[in-house]
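File shown: start.tsv. Contents: TSV, C-alpha atoms.
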```tsv
chain	number	residue	atom	x	y	z
A	1	MET	CA	-1.95	1.32	249.33
A	2	SER	CA	-2.91	0.81	252.99
A	3	ALA	CA	-5.78	2.56	254.72
A	4	ALA	CA	-3.30	4.34	256.98
A	5	THR	CA	-1.47	5.69	253.95
A	6	VAL	CA	-4.74	6.85	252.42
A	7	ALA	CA	-5.71	8.55	255.66
A	8	ARG	CA	-2.35	10.29	255.89
A	9	GLY	CA	-1.79	11.31	252.33
A	10	ASP	CA	-5.07	11.30	250.41
A	11	MET	CA	-7.43	12.86	252.94
A	12	PRO	CA	-8.04	16.49	251.92
A	13	LEU	CA	-6.93	19.25	254.26
A	14	GLY	CA	-10.51	20.44	254.61
A	15	SER	CA	-11.58	17.01	255.84
A	16	HIS	CA	-8.76	17.04	258.40
A	17	VAL	CA	-9.91	20.45	259.62
A	18	ARG	CA	-13.57	19.40	259.83
A	19	GLU	CA	-12.69	16.22	261.72
A	20	ALA	CA	-10.44	18.15	264.10
A	21	ARG	CA	-13.24	20.66	264.69
A	22	ARG	CA	-15.80	17.93	265.41
A	23	ARG	CA	-13.51	16.21	267.85
A	24	ALA	CA	-12.54	19.52	269.48
A	25	VAL	CA	-16.22	20.39	269.97
A	26	ARG	CA	-16.91	17.03	271.62
A	27	ALA	CA	-13.87	17.46	273.87
A	28	ALA	CA	-14.99	21.01	274.75
A	29	VAL	CA	-18.48	19.78	275.64
A	30	ALA	CA	-16.98	17.09	277.90
A	31	LEU	CA	-14.71	19.69	279.51
A	32	THR	CA	-17.68	21.97	280.13
A	33	ILE	CA	-19.68	19.15	281.74
A	34	GLY	CA	-16.67	18.22	283.86
A	35	MET	CA	-16.25	21.85	284.96
A	36	ILE	CA	-19.93	22.08	285.91
A	37	ALA	CA	-19.55	18.94	288.01
A	38	GLY	CA	-16.34	20.32	289.51
A	39	PHE	CA	-18.05	23.60	290.41
A	40	ALA	CA	-20.97	21.74	292.00
A	41	PHE	CA	-18.65	19.68	294.21
A	42	SER	CA	-15.97	22.34	294.79
A	43	ASP	CA	-17.20	23.09	298.31
A	44	HIS	CA	-16.98	19.41	299.23
A	45	PHE	CA	-13.48	19.27	297.74
A	46	ILE	CA	-12.40	22.28	299.81
A	47	ASP	CA	-13.89	20.63	302.91
A	48	VAL	CA	-11.71	17.57	302.27
A	49	LEU	CA	-8.63	19.77	301.90
A	50	ARG	CA	-9.58	21.70	305.01
A	51	ALA	CA	-9.77	18.56	307.18
A	52	PRO	CA	-6.03	18.52	308.10
A	53	ILE	CA	-6.27	22.22	309.07
A	54	GLU	CA	-9.25	21.49	311.30
A	55	ALA	CA	-7.28	18.67	312.92
A	56	LEU	CA	-4.48	21.15	313.63
A	57	ALA	CA	-6.98	23.61	315.10
A	58	ALA	CA	-7.69	21.15	317.88
A	59	SER	CA	-4.22	21.74	319.34
A	60	ARG	CA	-3.28	25.22	318.07
A	61	ASP	CA	-4.61	28.29	316.32
A	62	ALA	CA	-4.90	27.17	312.68
A	63	SER	CA	-7.12	28.34	309.84
A	64	LEU	CA	-7.43	28.56	306.07
A	65	ASN	CA	-7.64	32.15	304.85
A	66	TYR	CA	-8.22	34.21	301.71
A	67	ASP	CA	-5.90	37.13	301.13
A	68	SER	CA	-8.28	39.10	298.88
A	69	VAL	CA	-11.98	39.75	298.38
A	70	THR	CA	-11.97	37.66	295.20
A	71	GLY	CA	-9.79	34.91	296.69
A	72	ALA	CA	-12.64	32.46	297.37
A	73	PHE	CA	-14.09	32.93	293.88
A	74	GLU	CA	-10.70	32.55	292.19
A	75	LEU	CA	-10.02	29.38	294.18
A	76	LYS	CA	-13.37	27.93	293.10
A	77	LEU	CA	-12.55	28.68	289.47
A	78	LYS	CA	-9.16	26.98	289.82
A	79	ILE	CA	-10.74	23.87	291.36
A	80	THR	CA	-13.46	23.92	288.70
A	81	LEU	CA	-10.94	24.01	285.85
A	82	PHE	CA	-8.75	21.33	287.41
A	83	ALA	CA	-11.74	19.05	288.03
A	84	GLY	CA	-13.03	19.66	284.50
A	85	ILE	CA	-9.72	18.63	282.93
A	86	VAL	CA	-9.49	15.50	285.10
A	87	LEU	CA	-13.12	14.40	284.72
A	88	SER	CA	-13.18	14.98	280.96
A	89	SER	CA	-9.76	13.38	280.35
A	90	PRO	CA	-11.17	10.04	279.10
A	91	VAL	CA	-13.14	11.90	276.42
A	92	TRP	CA	-10.48	14.30	275.16
A	93	ILE	CA	-7.80	11.60	275.24
A	94	PHE	CA	-10.10	9.32	273.23
A	95	GLU	CA	-10.78	12.12	270.73
A	96	LEU	CA	-7.06	12.86	270.42
A	97	PHE	CA	-6.30	9.19	269.85
A	98	GLY	CA	-9.13	8.92	267.33
A	99	PHE	CA	-7.75	11.86	265.38
A	100	VAL	CA	-4.18	10.58	265.11
A	101	SER	CA	-4.88	6.83	264.85
A	102	PRO	CA	-5.72	6.76	261.09
A	103	GLY	CA	-2.17	7.89	260.40
A	104	LEU	CA	-0.66	5.07	262.46
A	105	THR	CA	0.08	1.49	261.55
A	106	ARG	CA	-1.71	-1.33	263.34
A	107	ARG	CA	1.31	-1.94	265.57
A	108	GLU	CA	1.63	1.76	266.35
A	109	ARG	CA	-2.08	1.98	267.24
A	110	ARG	CA	-1.78	-1.05	269.49
A	111	LEU	CA	1.29	0.36	271.23
A	112	THR	CA	-0.22	3.84	271.59
A	113	PHE	CA	-3.50	2.54	273.00
A	114	GLY	CA	-1.87	0.06	275.37
A	115	PHE	CA	0.71	2.46	276.73
A	116	SER	CA	-1.82	5.30	277.04
A	117	LEU	CA	-4.15	3.05	279.03
A	118	ALA	CA	-1.31	1.92	281.31
A	119	ALA	CA	-0.09	5.51	281.77
A	120	LEU	CA	-3.59	6.69	282.73
A	121	ALA	CA	-4.01	3.87	285.25
A	122	LEU	CA	-0.61	4.53	286.84
A	123	PHE	CA	-1.18	8.30	286.86
A	124	ALA	CA	-4.48	7.73	288.66
A	125	ALA	CA	-2.78	5.42	291.18
A	126	GLY	CA	0.00	7.94	291.77
A	127	SER	CA	-2.47	10.80	292.18
A	128	VAL	CA	-4.44	8.80	294.74
A	129	THR	CA	-1.20	8.06	296.60
A	130	GLY	CA	-0.32	11.76	296.68
A	131	PHE	CA	-3.82	12.68	297.82
A	132	LEU	CA	-3.66	10.14	300.65
A	133	LEU	CA	-0.24	11.42	301.72
A	134	PHE	CA	-0.94	15.14	301.85
A	135	PRO	CA	-2.88	15.27	305.19
A	136	HIS	CA	-0.01	13.51	306.95
A	137	MET	CA	2.47	15.87	305.31
A	138	VAL	CA	0.48	18.95	306.35
A	139	GLU	CA	0.28	17.72	309.93
A	140	LEU	CA	3.99	16.95	310.08
A	141	LEU	CA	5.14	20.20	308.46
A	142	ALA	CA	2.91	22.29	310.71
A	143	SER	CA	4.26	20.48	313.78
A	144	PHE	CA	7.60	22.28	313.37
A	145	ALA	CA	5.91	25.47	314.56
A	146	SER	CA	5.50	26.06	318.28
A	147	ALA	CA	2.08	25.36	319.79
A	148	GLU	CA	1.95	29.04	320.79
A	149	ASP	CA	2.25	30.13	317.15
A	150	SER	CA	-0.66	30.53	314.75
A	151	THR	CA	-0.79	28.51	311.54
A	152	ILE	CA	-2.55	30.83	309.09
A	153	LEU	CA	-2.50	29.38	305.58
A	154	SER	CA	-3.35	31.12	302.33
A	155	ALA	CA	-6.08	29.07	300.66
A	156	ALA	CA	-4.65	29.60	297.16
A	157	TYR	CA	-1.13	28.56	298.21
A	158	TYR	CA	-2.46	25.59	300.18
A	159	VAL	CA	-4.53	24.22	297.27
A	160	ASP	CA	-1.57	24.72	294.89
A	161	PHE	CA	0.61	22.79	297.35
A	162	VAL	CA	-1.82	19.86	297.41
A	163	MET	CA	-2.29	19.85	293.62
A	164	LYS	CA	1.47	19.88	293.01
A	165	ILE	CA	1.90	16.88	295.29
A	166	VAL	CA	-0.93	14.99	293.58
A	167	VAL	CA	0.19	15.78	290.02
A	168	ALA	CA	3.91	15.24	290.70
A	169	THR	CA	3.26	11.85	292.29
A	170	GLY	CA	0.96	10.88	289.42
A	171	ILE	CA	3.59	11.81	286.82
A	172	ALA	CA	6.31	9.95	288.73
A	173	PHE	CA	4.23	6.77	288.70
A	174	THR	CA	3.92	6.91	284.90
A	175	LEU	CA	7.68	7.03	284.22
A	176	PRO	CA	8.05	3.19	284.07
A	177	VAL	CA	5.54	3.17	281.21
A	178	PHE	CA	7.82	5.41	279.17
A	179	MET	CA	10.77	3.16	280.00
A	180	VAL	CA	8.87	0.18	278.60
A	181	LEU	CA	7.81	2.22	275.57
A	182	LEU	CA	11.41	3.21	274.80
A	183	ASN	CA	12.39	-0.44	275.11
A	184	ALA	CA	9.55	-1.55	272.82
A	185	LEU	CA	10.72	0.97	270.22
A	186	GLY	CA	14.25	-0.42	270.45
A	187	LEU	CA	15.75	2.78	271.86
A	188	VAL	CA	16.74	1.41	275.29
A	189	SER	CA	17.65	-2.17	276.16
A	190	ALA	CA	16.91	-3.96	279.40
A	191	ARG	CA	20.66	-4.36	279.92
A	192	THR	CA	21.10	-0.57	279.76
A	193	LEU	CA	18.32	-0.08	282.30
A	194	LEU	CA	19.82	-2.72	284.57
A	195	ARG	CA	23.24	-1.05	284.45
A	196	SER	CA	21.58	2.24	285.48
A	197	TRP	CA	19.58	0.82	288.39
A	198	ARG	CA	21.67	2.56	291.07
A	199	LEU	CA	21.19	5.94	289.42
A	200	ILE	CA	17.46	5.32	288.99
A	201	VAL	CA	17.03	4.27	292.63
A	202	VAL	CA	18.87	7.40	293.79
A	203	ALA	CA	16.63	9.50	291.53
A	204	ILE	CA	13.55	7.82	293.03
A	205	VAL	CA	14.73	8.52	296.58
A	206	VAL	CA	15.57	12.14	295.76
A	207	PHE	CA	12.19	12.68	294.10
A	208	SER	CA	10.40	11.07	297.06
A	209	ALA	CA	12.28	13.36	299.43
A	210	LEU	CA	11.33	16.41	297.36
A	211	VAL	CA	7.67	15.50	296.97
A	212	THR	CA	7.46	14.78	300.72
A	213	PRO	CA	9.39	17.80	302.06
A	214	SER	CA	9.54	16.67	305.65
A	215	ALA	CA	11.67	14.80	308.12
A	216	ASP	CA	9.18	11.94	308.07
A	217	VAL	CA	10.95	8.94	306.55
A	218	LEU	CA	7.71	6.94	306.42
A	219	SER	CA	6.07	9.39	303.99
A	220	MET	CA	9.13	9.26	301.75
A	221	PHE	CA	9.09	5.47	301.68
A	222	LEU	CA	5.35	5.41	300.94
A	223	VAL	CA	6.24	7.14	297.66
A	224	ALA	CA	9.64	5.54	297.00
A	225	VAL	CA	8.67	1.88	297.49
A	226	PRO	CA	5.82	1.79	294.91
A	227	MET	CA	8.00	3.69	292.43
A	228	ALA	CA	10.86	1.23	292.93
A	229	ALA	CA	8.44	-1.69	292.47
A	230	LEU	CA	7.14	-0.12	289.25
A	231	PHE	CA	10.71	0.31	288.01
A	232	ALA	CA	11.41	-3.37	288.77
A	233	GLY	CA	8.26	-4.35	286.87
A	234	ALA	CA	9.27	-2.20	283.90
A	235	LEU	CA	12.73	-3.77	283.94
A	236	LEU	CA	11.21	-7.27	283.94
A	237	ILE	CA	8.91	-6.42	281.01
A	238	ALA	CA	11.86	-4.93	279.08
A	239	HIS	CA	13.92	-8.08	279.76
A	240	LEU	CA	11.13	-10.35	278.52
A	241	HIS	CA	10.71	-8.18	275.42
A	242	ASP	CA	14.44	-8.29	274.64
A	243	ALA	CA	14.56	-12.06	275.19
A	244	ARG	CA	11.61	-12.58	272.83
A	245	ALA	CA	13.22	-10.29	270.23
A	246	ALA	CA	16.48	-12.22	270.49
A	247	ARG	CA	14.68	-15.54	269.99
A	248	ARG	CA	12.93	-14.17	266.92
A	249	ALA	CA	16.22	-12.90	265.50
A	250	SER	CA	17.88	-16.29	266.10
A	251	ALA	CA	14.98	-18.13	264.48
A	252	ALA	CA	15.09	-15.81	261.47
A	253	ALA	CA	18.86	-16.27	261.11
A	254	PHE	CA	18.49	-20.06	261.35
A	255	SER	CA	15.73	-20.04	258.72
A	256	ASP	CA	17.90	-17.96	256.39
A	257	ALA	CA	20.84	-20.31	256.91
A	258	VAL	CA	18.70	-23.37	256.14
A	259	ALA	CA	17.11	-21.76	253.09
A	260	THR	CA	20.47	-20.69	251.66
A	261	PRO	CA	22.20	-23.56	249.78
A	262	ALA	CA	25.72	-24.43	250.87
A	263	GLY	CA	28.45	-22.64	248.95
A	264	VAL	CA	26.12	-19.90	247.71
```
Is it possible to give me this structure as structure tokens?
Amino acid sequence: MSAATVARGDMPLGSHVREARRRAVRAAVALTIGMIAGFAFSDHFIDVLRAPIEALAASRDASLNYDSVTGAFELKLKITLFAGIVLSSPVWIFELFGFVSPGLTRRERRLTFGFSLAALALFAAGSVTGFLLFPHMVELLASFASAEDSTILSAAYYVDFVMKIVVATGIAFTLPVFMVLLNALGLVSARTLLRSWRLIVVAIVVFSALVTPSADVLSMFLVAVPMAALFAGALLIAHLHDARAARRASAAAFSDAVATPAGV
């Protein structure tokens, strides 16, 4: 009986609960530390988000406003929670992986770890891309208003707008990882992905247009081009995987044919 089988079937329920509790406590401690750090730097984060508004204020009446007495405090709490989740993500992801890994085979652990690492790296790259794009998007969207008009933005809505751009772009950048994972599991072939390339490219362009809601084609392409390159890379990896699998299948069939006596 393998260790994975023992971990899955022979480990008492109480031990599962105690291990889950220990890992949950460690994840909660990491989240708390991340939230403390997020609260400490929340003012600096708001200053970074306010920079595009201050640039607008040089040419028009523009400001970031709170629509309630508790608005500033609630915004700080939102930033604190968001920062805590992001900063503590390596810890709670590691704890989650450590909890489920004993029930996985060696190949499953290798696939889970590798794809999780790639997804985190691509999510970080996509989030950085979205964060670098948002000042340009704010400037462009605000430019549709007349210079005589005032641009008065709700702080809560504005921060939600920025976070949605950052998170949506990060998620979009991780999609090729799931394509490769589905291929590795044998659920989708490279040939199927290749036949769907037109549909995927259209989906990328539509997503880029939605995540950059402006008439600025450059911003859309700054999102669409990296996503298209990632899709091409995922397609290449899937093709190499399928070719290797085909070679293994041919070698196995040849070995069986050689090992089987003629006429049997």
In Å, how far is it from atom CA of Ser42 of chain A to atom CA of Glu74 of chain A? 11.8 Å
Using all atoms listed in the file, find each residue of segment 22-58 of chain A with at least one atom at most 12 Å away from an atom of segment 146-150 of chain A; report its shortest atom-to-atom pair and that distance in Å (one decimal), sort the rows by chain and rising residue number, and return the result as CSV.
```
residue,atom,partner,partner_atom,distance
A:Ile53,CA,A:Ser150,CA,11.5
A:Leu56,CA,A:Ala147,CA,9.9
A:Ala57,CA,A:Ser150,CA,9.4
A:Ala58,CA,A:Ala147,CA,10.8
```
To one decimal in Å, tell me the separation between atom CA of Ser208 of chain A and atom CA of Leu117 of chain A.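 For atom CA of Ser208 of chain A relative to atom CA of Leu117 of chain A, the distance reads 24.5 Å.
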Just to confirm, what's the straight-line distance from atom CA of Asp67 of chain A to atom CA of Ala155 of chain A in Å (one decimal)?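 For atom CA of Asp67 of chain A relative to atom CA of Ala155 of chain A, the distance reads 8.1 Å.
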Do you know which residues are at most 12 Å from segment 231-241 of chain A counting all atoms listed in the file, after dropping those on the same chain fewer than 3 positions away, and could you put them as a PyMOL selection string? chain A and resi 118+172-201+203-204+224-228+244-248
Measuring between all atoms listed in the file, which one of A:Pro90, A:Ala40, A:Phe82, A:Pro102 shows the shortest distance to Lys164 of chain A?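 Using all atoms listed in the file, Lys164 of chain A sits closest to A:Phe82.
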May I ask which of the residues A:Leu87, A:Asp242, A:Gly130, A:Phe161 is the closest one to Met220 of chain A, counting all atoms listed in the file?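 Closest residue, counting all atoms listed in the file: A:Gly130.
Residue nearest Ala156 of chain A within the list A:Leu132, A:Val138, A:Leu111, A:Ala72: A:Ala72 [criterion: smallest interatomic distance, only C-alpha atoms].
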Which residues come within 9 Å of segment 167-171 of chain A, counting only C-alpha atoms, excluding same-chain residues fewer than 5 positions away, as JSON, numbers by chain? {"A": [119, 122, 123, 124, 125, 126, 127, 128, 129, 130, 162, 208, 211, 223]}
Write the residues of the selection above to a file with C-alpha atoms, as a tab-separated table (two decimals), in the frame of the given file.
```
chain	number	residue	atom	x	y	z
A	119	ALA	CA	-0.09	5.51	281.77
A	122	LEU	CA	-0.61	4.53	286.84
A	123	PHE	CA	-1.18	8.30	286.86
A	124	ALA	CA	-4.48	7.73	288.66
A	125	ALA	CA	-2.78	5.42	291.18
A	126	GLY	CA	0.00	7.94	291.77
A	127	SER	CA	-2.47	10.80	292.18
A	128	VAL	CA	-4.44	8.80	294.74
A	129	THR	CA	-1.20	8.06	296.60
A	130	GLY	CA	-0.32	11.76	296.68
A	162	VAL	CA	-1.82	19.86	297.41
A	208	SER	CA	10.40	11.07	297.06
A	211	VAL	CA	7.67	15.50	296.97
A	223	VAL	CA	6.24	7.14	297.66
```
Rank A:Thr80, A:Ser154, A:Ser88, A:Ser143 by their smallest atom-to-atom distance to Ser59 of chain A, using only C-alpha atoms, and report the top residue only.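 For Ser59 of chain A, the nearest of the given residues is A:Ser143.
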